[in-house]
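Asks: Sharing entry-v7.cif below, mmCIF, C-alpha atoms:
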```
data_query
#
loop_
_atom_site.label_atom_id
_atom_site.label_comp_id
_atom_site.auth_asym_id
_atom_site.auth_seq_id
_atom_site.Cartn_x
_atom_site.Cartn_y
_atom_site.Cartn_z
CA MET I 2 30.44 -27.04 -43.81
CA THR I 3 28.70 -29.82 -41.96
CA GLY I 4 31.01 -29.43 -38.94
CA ALA I 5 30.34 -25.69 -38.81
CA GLN I 6 26.62 -26.36 -38.98
CA ILE I 7 26.89 -28.87 -36.13
CA GLN I 8 28.75 -26.28 -34.00
CA VAL I 9 26.08 -23.66 -34.67
CA ASP I 10 23.30 -26.12 -33.84
CA THR I 11 25.10 -27.15 -30.66
CA GLY I 12 25.48 -23.52 -29.60
CA VAL I 13 21.82 -22.82 -30.20
CA LEU I 14 20.88 -25.95 -28.25
CA ASP I 15 23.12 -24.97 -25.31
CA GLY I 16 21.58 -21.50 -25.27
CA ALA I 17 18.07 -22.93 -25.31
CA ILE I 18 18.94 -25.28 -22.44
CA ARG I 19 20.38 -22.43 -20.38
CA GLN I 20 17.32 -20.30 -21.10
CA THR I 21 14.97 -23.14 -20.13
CA ARG I 22 16.99 -23.77 -16.98
CA GLY I 23 16.77 -20.06 -16.13
CA ILE I 24 13.01 -20.09 -16.62
CA ASP I 25 12.68 -23.16 -14.40
CA ILE I 26 14.77 -21.52 -11.68
CA GLU I 27 12.68 -18.36 -11.84
CA ARG I 28 9.46 -20.36 -11.70
CA ALA I 29 10.73 -22.26 -8.65
CA ALA I 30 11.82 -19.01 -6.97
CA LYS I 31 8.38 -17.51 -7.51
CA ALA I 32 6.75 -20.59 -6.01
CA ILE I 33 9.02 -20.30 -2.97
CA MET I 34 8.10 -16.62 -2.58
CA ASN I 35 4.40 -17.37 -2.82
CA TRP I 36 4.50 -20.16 -0.24
CA SER I 37 6.69 -18.07 2.07
CA ILE I 38 3.87 -15.48 2.03
CA THR I 39 1.31 -18.10 3.03
CA ILE I 40 3.44 -19.41 5.89
CA ASN I 41 4.24 -15.84 6.94
CA VAL I 42 0.55 -14.97 7.16
CA VAL I 43 -0.17 -18.05 9.29
CA ALA I 44 2.67 -17.21 11.68
CA SER I 45 2.34 -13.45 12.00
CA MET I 46 -1.32 -12.40 12.18
CA GLY I 47 -1.65 -12.67 15.95
CA THR I 48 -0.55 -14.42 19.13
CA PHE I 49 -1.69 -18.03 19.27
CA ASN I 50 -3.70 -19.45 22.16
CA THR I 51 -1.49 -20.44 25.08
CA ALA I 52 -2.94 -23.96 24.89
CA LEU I 53 -1.35 -24.25 21.45
CA LEU I 54 1.84 -22.27 22.07
CA ALA I 55 3.11 -21.44 25.54
CA VAL I 56 3.66 -17.77 26.40
CA GLU I 57 7.42 -18.21 26.66
CA GLN I 58 7.44 -19.69 23.13
CA THR I 59 5.53 -16.93 21.32
CA PHE I 60 8.85 -15.65 19.99
CA LEU I 61 8.75 -18.66 17.66
CA GLN I 62 5.97 -16.96 15.68
CA GLN I 63 8.13 -13.89 15.10
CA PHE I 64 11.10 -16.09 14.28
CA ALA I 65 9.06 -18.01 11.71
CA ALA I 66 7.73 -14.81 10.15
CA LEU I 67 11.18 -13.22 9.86
CA SER I 68 12.61 -16.47 8.50
CA MET I 69 9.99 -16.40 5.75
CA TRP I 70 10.89 -12.79 4.91
CA ILE I 71 14.56 -13.78 4.62
CA VAL I 72 13.60 -16.74 2.38
CA LEU I 73 11.49 -14.40 0.24
CA ILE I 74 14.30 -11.87 -0.08
CA TYR I 75 16.77 -14.59 -1.10
CA ALA I 76 14.38 -16.16 -3.61
CA SER I 77 13.63 -12.74 -5.15
CA ALA I 78 17.24 -12.57 -6.34
CA PHE I 79 16.36 -15.26 -8.92
CA VAL I 80 13.26 -13.47 -10.22
CA ARG I 81 13.37 -10.70 -12.81
CA PRO I 82 11.71 -7.44 -11.70
CA ASN I 83 8.22 -6.90 -13.08
CA LEU I 84 7.86 -3.40 -11.61
CA ARG I 85 10.45 -0.65 -11.38
CA LEU I 86 9.99 2.08 -8.81
CA GLY I 87 10.62 5.73 -9.57
CA PHE I 88 12.88 7.74 -7.27
CA ASN I 89 10.24 10.40 -6.68
CA LEU I 90 9.04 12.38 -3.69
CA ASP I 91 6.39 9.79 -2.74
CA LEU I 92 9.00 7.03 -2.51
CA ILE I 93 11.41 9.25 -0.58
CA ALA I 94 8.71 10.20 1.95
CA ILE I 95 7.51 6.68 2.79
CA VAL I 96 11.05 5.24 2.95
CA SER I 97 12.17 8.17 5.13
CA PHE I 98 9.36 7.46 7.57
CA TYR I 99 10.35 3.82 7.94
CA VAL I 100 14.03 4.77 8.25
CA LEU I 101 13.12 7.18 11.06
CA ALA I 102 11.07 4.47 12.79
CA ALA I 103 13.96 1.99 12.54
CA VAL I 104 16.68 4.35 13.79
CA SER I 105 14.43 5.64 16.61
CA VAL I 106 15.66 2.64 18.59
CA LEU I 107 18.77 4.75 19.28
CA TRP I 108 16.86 6.97 21.70
CA THR I 109 15.22 4.14 23.62
CA ASN I 110 16.77 2.25 26.52
CA LEU I 111 18.28 -0.07 23.86
CA GLY I 112 16.57 -3.12 25.31
CA LEU I 113 16.74 -6.36 23.40
CA ALA I 114 13.06 -6.21 22.38
CA ALA I 115 13.46 -2.71 20.90
CA ILE I 116 16.62 -3.66 18.99
CA MET I 117 14.98 -6.80 17.62
CA LYS I 118 11.87 -4.87 16.54
CA SER I 119 14.02 -2.28 14.78
CA ALA I 120 16.00 -5.00 12.99
CA ALA I 121 12.76 -6.76 12.02
CA LEU I 122 11.39 -3.51 10.62
CA VAL I 123 14.47 -3.13 8.41
CA ILE I 124 14.12 -6.72 7.13
CA THR I 125 10.39 -6.45 6.39
CA THR I 126 10.76 -3.04 4.74
CA PHE I 127 13.35 -4.42 2.34
CA GLY I 128 11.19 -7.52 1.94
CA ALA I 129 8.24 -5.32 0.93
CA PHE I 130 10.40 -3.82 -1.84
CA CYS I 131 11.46 -7.27 -3.08
CA LEU I 132 7.88 -8.52 -2.95
CA ILE I 133 6.19 -5.81 -4.99
CA THR I 134 8.97 -5.60 -7.59
CA ARG I 135 9.06 -9.38 -8.23
CA LEU I 136 5.52 -10.74 -7.89
CA ASP I 137 2.23 -9.75 -9.45
CA ILE I 138 -0.31 -8.30 -7.04
CA ASP I 139 -2.86 -11.00 -7.86
CA ASP I 140 -0.34 -13.73 -6.96
CA ILE I 141 0.36 -11.96 -3.67
CA VAL I 142 -3.35 -11.79 -2.86
CA LYS I 143 -3.80 -15.47 -3.72
CA SER I 144 -1.02 -16.47 -1.29
CA ILE I 145 -2.41 -14.21 1.44
CA THR I 146 -5.91 -15.60 1.03
CA ARG I 147 -4.57 -19.13 1.30
CA GLY I 148 -2.87 -18.32 4.62
CA LEU I 149 -5.90 -16.51 6.05
CA PHE I 150 -8.14 -19.42 5.04
CA VAL I 151 -5.90 -21.84 6.96
CA LEU I 152 -6.20 -19.66 10.08
CA VAL I 153 -9.97 -19.22 9.82
CA ALA I 154 -10.61 -22.90 9.05
CA ALA I 155 -8.43 -23.98 11.98
CA SER I 156 -10.21 -21.50 14.25
CA ALA I 157 -13.64 -22.82 13.25
CA PHE I 158 -12.43 -26.38 13.87
CA PHE I 159 -11.21 -25.59 17.38
CA ALA I 160 -14.34 -23.59 18.21
CA MET I 161 -16.65 -26.46 17.19
CA PHE I 162 -14.64 -29.53 18.23
CA VAL I 163 -12.16 -28.29 20.87
CA PRO I 164 -14.19 -25.57 22.64
CA ASP I 165 -11.80 -25.43 25.61
CA ILE I 166 -9.34 -23.79 23.22
CA GLY I 167 -11.54 -22.27 20.52
CA ILE I 168 -14.12 -20.51 22.72
CA ASP I 169 -13.42 -17.65 25.12
CA ARG I 170 -14.69 -18.61 28.59
CA SER I 171 -13.87 -15.31 30.32
CA TRP I 172 -16.71 -13.45 32.04
CA MET I 173 -16.54 -10.57 29.56
CA HIS I 174 -16.57 -12.64 26.34
CA ASN I 175 -18.12 -15.90 27.51
CA GLY I 176 -19.14 -18.06 24.57
CA GLN I 177 -17.50 -16.02 21.82
CA TRP I 178 -15.08 -17.64 19.40
CA GLN I 179 -11.37 -16.97 19.63
CA GLY I 180 -10.23 -19.95 17.56
CA VAL I 181 -6.48 -20.49 17.47
CA TYR I 182 -5.84 -17.06 18.96
CA GLU I 183 -5.36 -15.67 22.42
CA SER I 184 -7.85 -12.87 21.70
CA LYS I 185 -11.24 -12.98 20.03
CA GLN I 186 -10.52 -9.55 18.45
CA THR I 187 -7.67 -11.08 16.48
CA LEU I 188 -9.94 -13.74 15.02
CA GLY I 189 -12.44 -11.05 14.09
CA PHE I 190 -9.92 -9.01 12.13
CA VAL I 191 -8.39 -12.07 10.46
CA GLY I 192 -11.88 -13.02 9.29
CA ALA I 193 -12.52 -9.46 8.10
CA TYR I 194 -9.34 -9.43 6.02
CA LEU I 195 -10.29 -12.79 4.51
CA MET I 196 -13.74 -11.47 3.57
CA PHE I 197 -12.13 -8.54 1.77
CA PHE I 198 -9.54 -10.58 -0.14
CA ALA I 199 -12.07 -13.32 -0.98
CA TYR I 200 -14.36 -10.74 -2.55
CA TYR I 201 -11.46 -9.27 -4.53
CA ARG I 202 -10.57 -12.72 -5.88
CA LYS I 203 -14.21 -13.26 -6.87
CA ILE I 204 -14.42 -10.07 -8.92
CA THR I 205 -11.13 -10.95 -10.63
CA GLY I 206 -12.35 -14.33 -11.84
CA GLN I 207 -12.53 -16.88 -9.02
CA ARG I 208 -15.36 -19.43 -9.26
CA TRP I 209 -18.48 -19.08 -7.11
CA LEU I 210 -18.04 -22.20 -4.96
CA PRO I 211 -14.56 -21.39 -3.56
CA PHE I 212 -15.68 -17.80 -2.99
CA LEU I 213 -18.85 -18.78 -1.10
CA VAL I 214 -17.03 -21.31 1.08
CA THR I 215 -14.29 -18.82 1.94
CA PHE I 216 -16.55 -15.80 2.44
CA LEU I 217 -19.15 -17.61 4.53
CA LEU I 218 -16.51 -19.24 6.74
CA ALA I 219 -14.78 -15.89 7.28
CA SER I 220 -18.02 -14.05 8.05
CA THR I 221 -19.06 -16.83 10.46
CA CYS I 222 -15.84 -16.38 12.42
CA VAL I 223 -16.31 -12.59 12.45
CA LEU I 224 -19.87 -12.87 13.80
CA ALA I 225 -19.10 -15.67 16.28
CA SER I 226 -16.16 -13.72 17.68
CA GLY I 227 -18.45 -10.77 18.39
CA SER I 228 -16.33 -8.45 16.23
CA ARG I 229 -19.19 -6.51 14.70
CA GLY I 230 -16.95 -3.53 14.00
CA ALA I 231 -14.45 -5.61 12.05
CA GLY I 232 -17.24 -7.19 10.02
CA ALA I 233 -18.81 -3.81 9.25
CA VAL I 234 -15.47 -2.39 8.12
CA ALA I 235 -14.84 -5.45 5.92
CA LEU I 236 -18.27 -5.15 4.28
CA ALA I 237 -17.69 -1.43 3.75
CA ALA I 238 -14.35 -2.19 2.11
CA CYS I 239 -16.03 -4.75 -0.17
CA GLY I 240 -18.63 -2.14 -1.07
CA LEU I 241 -15.81 0.27 -1.80
CA LEU I 242 -14.28 -2.28 -4.20
CA PHE I 243 -17.64 -2.77 -5.93
CA THR I 244 -18.35 0.93 -6.43
CA SER I 245 -14.74 1.78 -7.36
CA LEU I 246 -14.89 -0.55 -10.33
CA ARG I 247 -18.08 1.07 -11.57
CA SER I 248 -17.30 4.73 -11.07
CA VAL I 249 -14.11 6.71 -11.56
CA LYS I 250 -15.54 9.47 -9.38
CA CYS I 251 -16.04 7.05 -6.49
CA MET I 252 -12.53 5.70 -6.94
CA LYS I 253 -11.10 9.22 -6.76
CA VAL I 254 -13.14 10.09 -3.67
CA TYR I 255 -12.01 6.93 -1.88
CA THR I 256 -8.38 7.67 -2.76
CA VAL I 257 -8.27 10.68 -0.43
CA LEU I 258 -9.90 8.88 2.52
CA PRO I 259 -6.60 7.66 4.08
CA PHE I 260 -5.33 11.25 4.27
CA VAL I 261 -8.69 12.44 5.62
CA MET I 262 -8.46 9.79 8.34
CA CYS I 263 -4.94 10.97 9.22
CA ILE I 264 -6.33 14.45 9.77
CA MET I 265 -9.27 13.11 11.79
CA ALA I 266 -6.87 11.12 13.97
CA GLY I 267 -4.82 14.27 14.46
CA PHE I 268 -7.88 16.15 15.74
CA LEU I 269 -8.76 13.24 18.03
CA ILE I 270 -5.23 13.27 19.47
CA LEU I 271 -5.48 17.05 19.91
CA TYR I 272 -8.76 16.61 21.78
CA PHE I 273 -7.20 14.33 24.38
CA TYR I 274 -4.06 16.48 24.58
CA LEU I 275 -5.94 19.75 25.22
CA THR I 276 -8.74 18.46 27.47
CA GLY I 277 -6.95 15.78 29.45
CA TYR I 278 -10.13 13.68 29.34
CA ASP I 279 -9.84 9.90 29.36
CA ALA I 280 -13.02 9.49 27.29
CA ILE I 281 -14.86 11.26 24.51
CA HIS I 282 -17.66 13.37 26.00
CA LEU I 283 -20.53 14.03 23.63
CA PHE I 284 -23.48 15.74 25.29
CA ASP I 285 -24.46 13.33 28.09
CA LEU I 286 -22.56 10.42 26.56
CA SER I 287 -19.13 9.25 27.64
CA ILE I 288 -17.47 7.05 25.00
CA ASP I 289 -14.37 5.05 25.94
CA PHE I 290 -14.33 2.31 23.26
CA THR I 291 -14.11 -0.45 25.88
CA GLU I 292 -11.53 1.54 27.88
CA ARG I 293 -9.21 2.10 24.92
CA THR I 294 -9.41 5.85 25.50
CA PHE I 295 -7.82 5.32 28.93
CA ILE I 296 -4.71 4.10 27.12
CA TRP I 297 -4.84 6.90 24.56
CA GLN I 298 -5.10 9.67 27.14
CA TYR I 299 -2.34 8.18 29.29
CA ALA I 300 0.04 7.94 26.35
CA ILE I 301 -0.78 11.44 25.05
CA SER I 302 -0.29 12.89 28.53
CA HIS I 303 3.40 11.93 28.15
CA PHE I 304 3.75 13.53 24.71
CA ASP I 305 5.55 16.59 26.11
CA ASP I 306 8.28 14.31 27.51
CA ALA I 307 9.51 13.58 23.96
CA PRO I 308 7.56 15.78 21.54
CA LEU I 309 9.80 15.95 18.47
CA LEU I 310 11.22 12.43 18.03
CA GLY I 311 9.06 10.44 20.43
CA PHE I 312 10.13 7.64 22.78
CA GLY I 313 11.53 5.51 19.97
CA ILE I 314 10.31 2.21 18.65
CA ASN I 315 9.07 0.03 21.52
CA GLY I 316 10.37 2.70 23.90
CA PHE I 317 7.26 3.90 25.73
CA TRP I 318 5.77 0.88 27.47
CA THR I 319 9.24 -0.54 28.22
CA THR I 320 9.84 2.44 30.51
CA GLN I 321 9.16 0.77 33.83
CA SER I 322 7.79 3.83 35.66
CA ILE I 323 5.28 4.49 32.84
CA TYR I 324 4.20 0.86 32.76
CA ASP I 325 3.84 0.58 36.56
CA TYR I 326 1.92 3.83 37.02
CA PHE I 327 -0.77 2.83 34.55
CA GLU I 328 -1.10 -0.61 36.14
CA GLN I 329 -1.41 0.88 39.63
CA ASN I 330 -4.17 3.25 38.52
CA HIS I 331 -6.22 0.84 36.43
CA GLY I 332 -5.38 -2.62 37.78
CA TRP I 333 -4.40 -3.80 34.30
CA VAL I 334 -1.99 -2.82 31.57
CA LEU I 335 -1.48 -3.70 27.91
CA ASP I 336 1.79 -2.77 26.24
CA ASN I 337 -0.24 -1.68 23.25
CA TYR I 338 -1.65 1.75 22.38
CA HIS I 339 -4.72 0.26 20.67
CA SER I 340 -4.33 2.99 18.04
CA GLY I 341 -1.89 2.98 15.15
CA TYR I 342 -1.94 6.77 14.93
CA ILE I 343 -0.98 7.22 18.57
CA THR I 344 1.71 4.56 18.10
CA ILE I 345 3.30 6.66 15.35
CA LEU I 346 3.05 9.85 17.41
CA MET I 347 4.48 8.40 20.62
CA GLU I 348 7.25 6.32 19.05
CA THR I 349 8.43 8.69 16.29
CA GLY I 350 7.20 12.00 17.66
CA LEU I 351 5.65 14.95 15.86
CA LEU I 352 8.29 14.68 13.15
CA GLY I 353 7.34 11.07 12.47
CA TYR I 354 3.61 11.80 12.41
CA LEU I 355 4.03 14.71 10.00
CA LEU I 356 6.31 12.62 7.78
CA PHE I 357 3.77 9.80 7.81
CA ALA I 358 0.90 12.19 7.00
CA ALA I 359 2.98 13.69 4.18
CA SER I 360 3.64 10.24 2.72
CA VAL I 361 -0.09 9.45 2.86
CA PHE I 362 -0.89 12.75 1.12
CA LEU I 363 1.65 11.99 -1.60
CA PHE I 364 0.24 8.46 -1.90
CA SER I 365 -3.29 9.78 -2.44
CA ASN I 366 -2.03 12.37 -4.90
CA LYS I 367 -0.05 9.75 -6.84
CA VAL I 368 -3.00 7.36 -7.06
CA LEU I 369 -5.18 10.17 -8.40
CA TYR I 370 -2.53 10.82 -11.04
CA LEU I 371 -2.28 7.14 -11.93
CA ILE I 372 -6.05 6.99 -12.35
CA SER I 373 -6.13 10.09 -14.53
CA SER I 374 -3.22 8.91 -16.69
CA ARG I 375 -4.58 5.35 -16.86
CA SER I 376 -1.22 4.01 -15.70
CA ILE I 377 -2.40 1.32 -13.31
CA ASP I 378 -4.63 -1.72 -13.64
CA ARG I 379 -8.08 -0.72 -12.38
CA PHE I 380 -8.56 -3.90 -10.32
CA HIS I 381 -5.20 -3.38 -8.63
CA CYS I 382 -6.02 0.26 -8.05
CA ALA I 383 -9.34 -0.60 -6.41
CA LEU I 384 -7.60 -3.23 -4.27
CA ILE I 385 -4.91 -0.82 -3.10
CA ILE I 386 -7.44 1.86 -2.23
CA GLY I 387 -9.80 -0.59 -0.52
CA PHE I 388 -7.08 -2.20 1.58
CA SER I 389 -5.66 1.19 2.53
CA VAL I 390 -9.05 2.44 3.71
CA LEU I 391 -9.59 -0.82 5.63
CA SER I 392 -6.18 -0.48 7.31
CA PHE I 393 -6.50 3.20 8.18
CA GLN I 394 -9.96 2.66 9.65
CA THR I 395 -8.76 -0.31 11.70
CA ASN I 396 -5.90 1.74 13.13
CA PHE I 397 -8.29 4.02 14.98
CA THR I 398 -8.91 1.30 17.58
CA GLU I 399 -6.17 -1.27 16.89
CA THR I 400 -2.44 -1.02 16.27
CA ILE I 401 -1.47 -2.14 12.78
CA PHE I 402 0.98 0.61 11.81
CA LEU I 403 4.63 -0.13 12.63
CA ARG I 404 3.97 -3.76 13.53
CA SER I 405 7.31 -5.11 12.35
CA THR I 406 6.28 -8.70 11.62
CA MET I 407 2.49 -8.63 11.17
CA PHE I 408 1.98 -9.35 7.47
CA THR I 409 -0.96 -7.01 6.89
CA SER I 410 1.10 -4.16 8.37
CA VAL I 411 3.89 -4.82 5.87
CA LEU I 412 1.33 -5.29 3.10
CA LEU I 413 0.26 -1.67 3.50
CA LEU I 414 3.84 -0.64 2.72
CA VAL I 415 3.85 -3.06 -0.23
CA PHE I 416 0.80 -1.34 -1.69
CA PHE I 417 2.25 2.12 -1.06
CA LEU I 418 5.39 1.08 -2.94
CA ALA I 419 3.23 -0.30 -5.77
CA THR I 420 2.15 3.27 -6.55
CA CYS I 421 5.69 4.67 -6.50
CA ARG I 422 6.18 3.82 -10.15
CA PRO I 423 7.47 6.14 -12.84
CA VAL I 424 4.72 7.17 -15.21
CA LEU I 425 5.63 7.65 -18.86
CA PRO I 426 3.44 9.78 -21.16
CA GLU I 427 3.01 6.84 -23.53
CA ASP I 428 2.08 4.35 -20.77
CA HIS I 429 -1.51 3.19 -21.36
CA SER I 430 -1.59 -0.09 -19.42
CA TYR I 431 -4.64 0.97 -17.42
CA ARG I 432 -7.67 -1.09 -18.37
CA GLU I 433 -10.72 0.79 -19.52
CA LEU I 434 -13.00 1.70 -16.64
CA ALA I 435 -16.71 1.02 -16.69
CA GLN I 436 -18.79 3.84 -18.10
CA GLU I 437 -20.09 6.34 -15.63
#
```
Would you encode the structure as structure tokens?

Replies:
Amino acid sequence: MTGAQIQVDTGVLDGAIRQTRGIDIERAAKAIMNWSITINVVASMGTFNTALLAVEQTFLQQFAALSMWIVLIYASAFVRPNLRLGFNLDLIAIVSFYVLAAVSVLWTNLGLAAIMKSAALVITTFGAFCLITRLDIDDIVKSITRGLFVLVAASAFFAMFVPDIGIDRSWMHNGQWQGVYESKQTLGFVGAYLMFFAYYRKITGQRWLPFLVTFLLASTCVLASGSRGAGAVALAACGLLFTSLRSVKCMKVYTVLPFVMCIMAGFLILYFYLTGYDAIHLFDLSIDFTERTFIWQYAISHFDDAPLLGFGINGFWTTQSIYDYFEQNHGWVLDNYHSGYITILMETGLLGYLLFAASVFLFSNKVLYLISSRSIDRFHCALIIGFSVLSFQTNFTETIFLRSTMFTSVLLLVFFLATCRPVLPEDHSYRELAQE
């Protein structure tokens, strides 16, 4: 009897040890995933100043970012899923769009850059799935904020103590901060994202001192970089968070804004396509958004060359005749559309744009359903809506969509996937909203 009891006790002990070991492994895997996010953010948010990283070595940033995605994917295998996605129309639409973008490399000139971007898009898309199904949204935000803080703090340091690197001395932006980046616009948007995430962490329980240090440092970088637009959008997104948590009606109105912006972008594209203008003419005003409209009109003027499927990922500006003609006419050229919406249209064609717009419509519709059925945490819902509005607004004048390694581009997909959950009639996990 005693021997049998010893065997039972030994078996229970072995099981407890294995369970403890499994918990320790999962905890370590989660820590690895969280730190991989932080490193990824530091590496992927923009091109570093050439004084810090030579032009011919900028590929190291993409290599580091992709390496962190591979680490995250591997570590996620040791973490139990905390969110299961439903195989519904919203999931099918967004995944189909990214599949189309990835395979569009087949109708490019199959250059190395296009192939690498397509492969990176596949890796980060799968990484987005692993991320949202394994980690809690608040942990993801914490890791992102940590990475953005490192970038903003380093930028402030270089601007104040190493001005030859941290301050833009060009005639156009003389005296404005650029920090660790090649462009002052990049610093502005990094600071704007940090303002938004810092405010979210404050309303979800962070202490006042860390919030004030982070928010003030981020806003200082935004103002010193001259990125007034980025700062205004960030403050608007923070206001959206604030009002969403106090009014269900506001939350529902904000939910449809991404789709509304898709439609507005479509009309803007149609304006340039039908008129052929290289600026927006409003009465006696001519608006070119610091010559961005020159790029938009030039790209749209080539729409008829590949209307249905587009030029393929990274396929437009790598066409030498297209690149050279723009440079000859303007004396400069950027292999960047400076508009995420035009990027989607030109690289995936009308089919890609309609598929993207459909996925955004289904996203908005699903979020409205989740709100009505109380099937999503209200803080997470406000965060997803706020970040989506911030991203869609930014994409009017900057290219964030389809950036294969930029973390905030992938984060938008992460948040879209977060809403692709099955909703059960008895699911009541949604926290009670504030009274109207």

Asks: Let me know the residues the PyMOL selection byres ((chain I and resi 118-132) around 9) catches in the file above, as a ChimeraX atom specification.

Replies: /I:34,67,70-71,73-74,77-78,82,96,99-100,102-106,113-117,133-137,141,314-315,403-406,408,411-412,414-416,418-419

Asks: What lies within 9 Å of Val80 of chain I using only C-alpha atoms, ignoring chain neighbours under 4 positions off, as a PDB file with C-alpha atoms, in the frame of the given file?

Replies:
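Writing done, so here's result-v7.pdb:
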```
ATOM      1  CA  ILE I  26      14.770 -21.520 -11.680  1.00  0.00           C
ATOM      2  CA  GLU I  27      12.680 -18.360 -11.840  1.00  0.00           C
ATOM      3  CA  ARG I  28       9.460 -20.360 -11.700  1.00  0.00           C
ATOM      4  CA  ALA I  30      11.820 -19.010  -6.970  1.00  0.00           C
ATOM      5  CA  LYS I  31       8.380 -17.510  -7.510  1.00  0.00           C
ATOM      6  CA  ALA I  76      14.380 -16.160  -3.610  1.00  0.00           C
ATOM      7  CA  ARG I 135       9.060  -9.380  -8.230  1.00  0.00           C
ATOM      8  CA  LEU I 136       5.520 -10.740  -7.890  1.00  0.00           C
TER       9      LEU I 136
END
```

Asks: Pick out the residues sitting within 7 Å of Val361 of chain I, and hand them over as a PyMOL selection string; count only C-alpha atoms, and ignore anything fewer than 3 positions along from it in its own chain.

Replies: chain I and resi 259-260+357-358+364-365

Asks: Residue by residue, what does the PyMOL selection byres ((chain I and resi 312) around 10) grab here? Present the result as a VMD selection string.

Replies: chain I and resid 105 to 110 303 to 304 306 to 311 313 to 320 346 to 350

Asks: Find the residues around Tyr272 of chain I up to 12 Å (only C-alpha atoms counted), leave out those fewer than 2 positions away in its own chain, and share them as a list in words.

Replies: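 These residues fall inside the cut-off: Met265, Ala266, Gly267, Phe268, Leu269, Ile270, Tyr274, Leu275, Thr276, Gly277, Tyr278, Asp279, Ala280, Ile281, His282, Thr294, Trp297, Gln298, Ile301 and Ser302 of chain I.
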
Asks: I'd like to see the residues matched by the PyMOL selection byres ((chain I and resi 166-182) around 6) on this file, and ideally I'd get them as a count of residues only.

Replies: 15
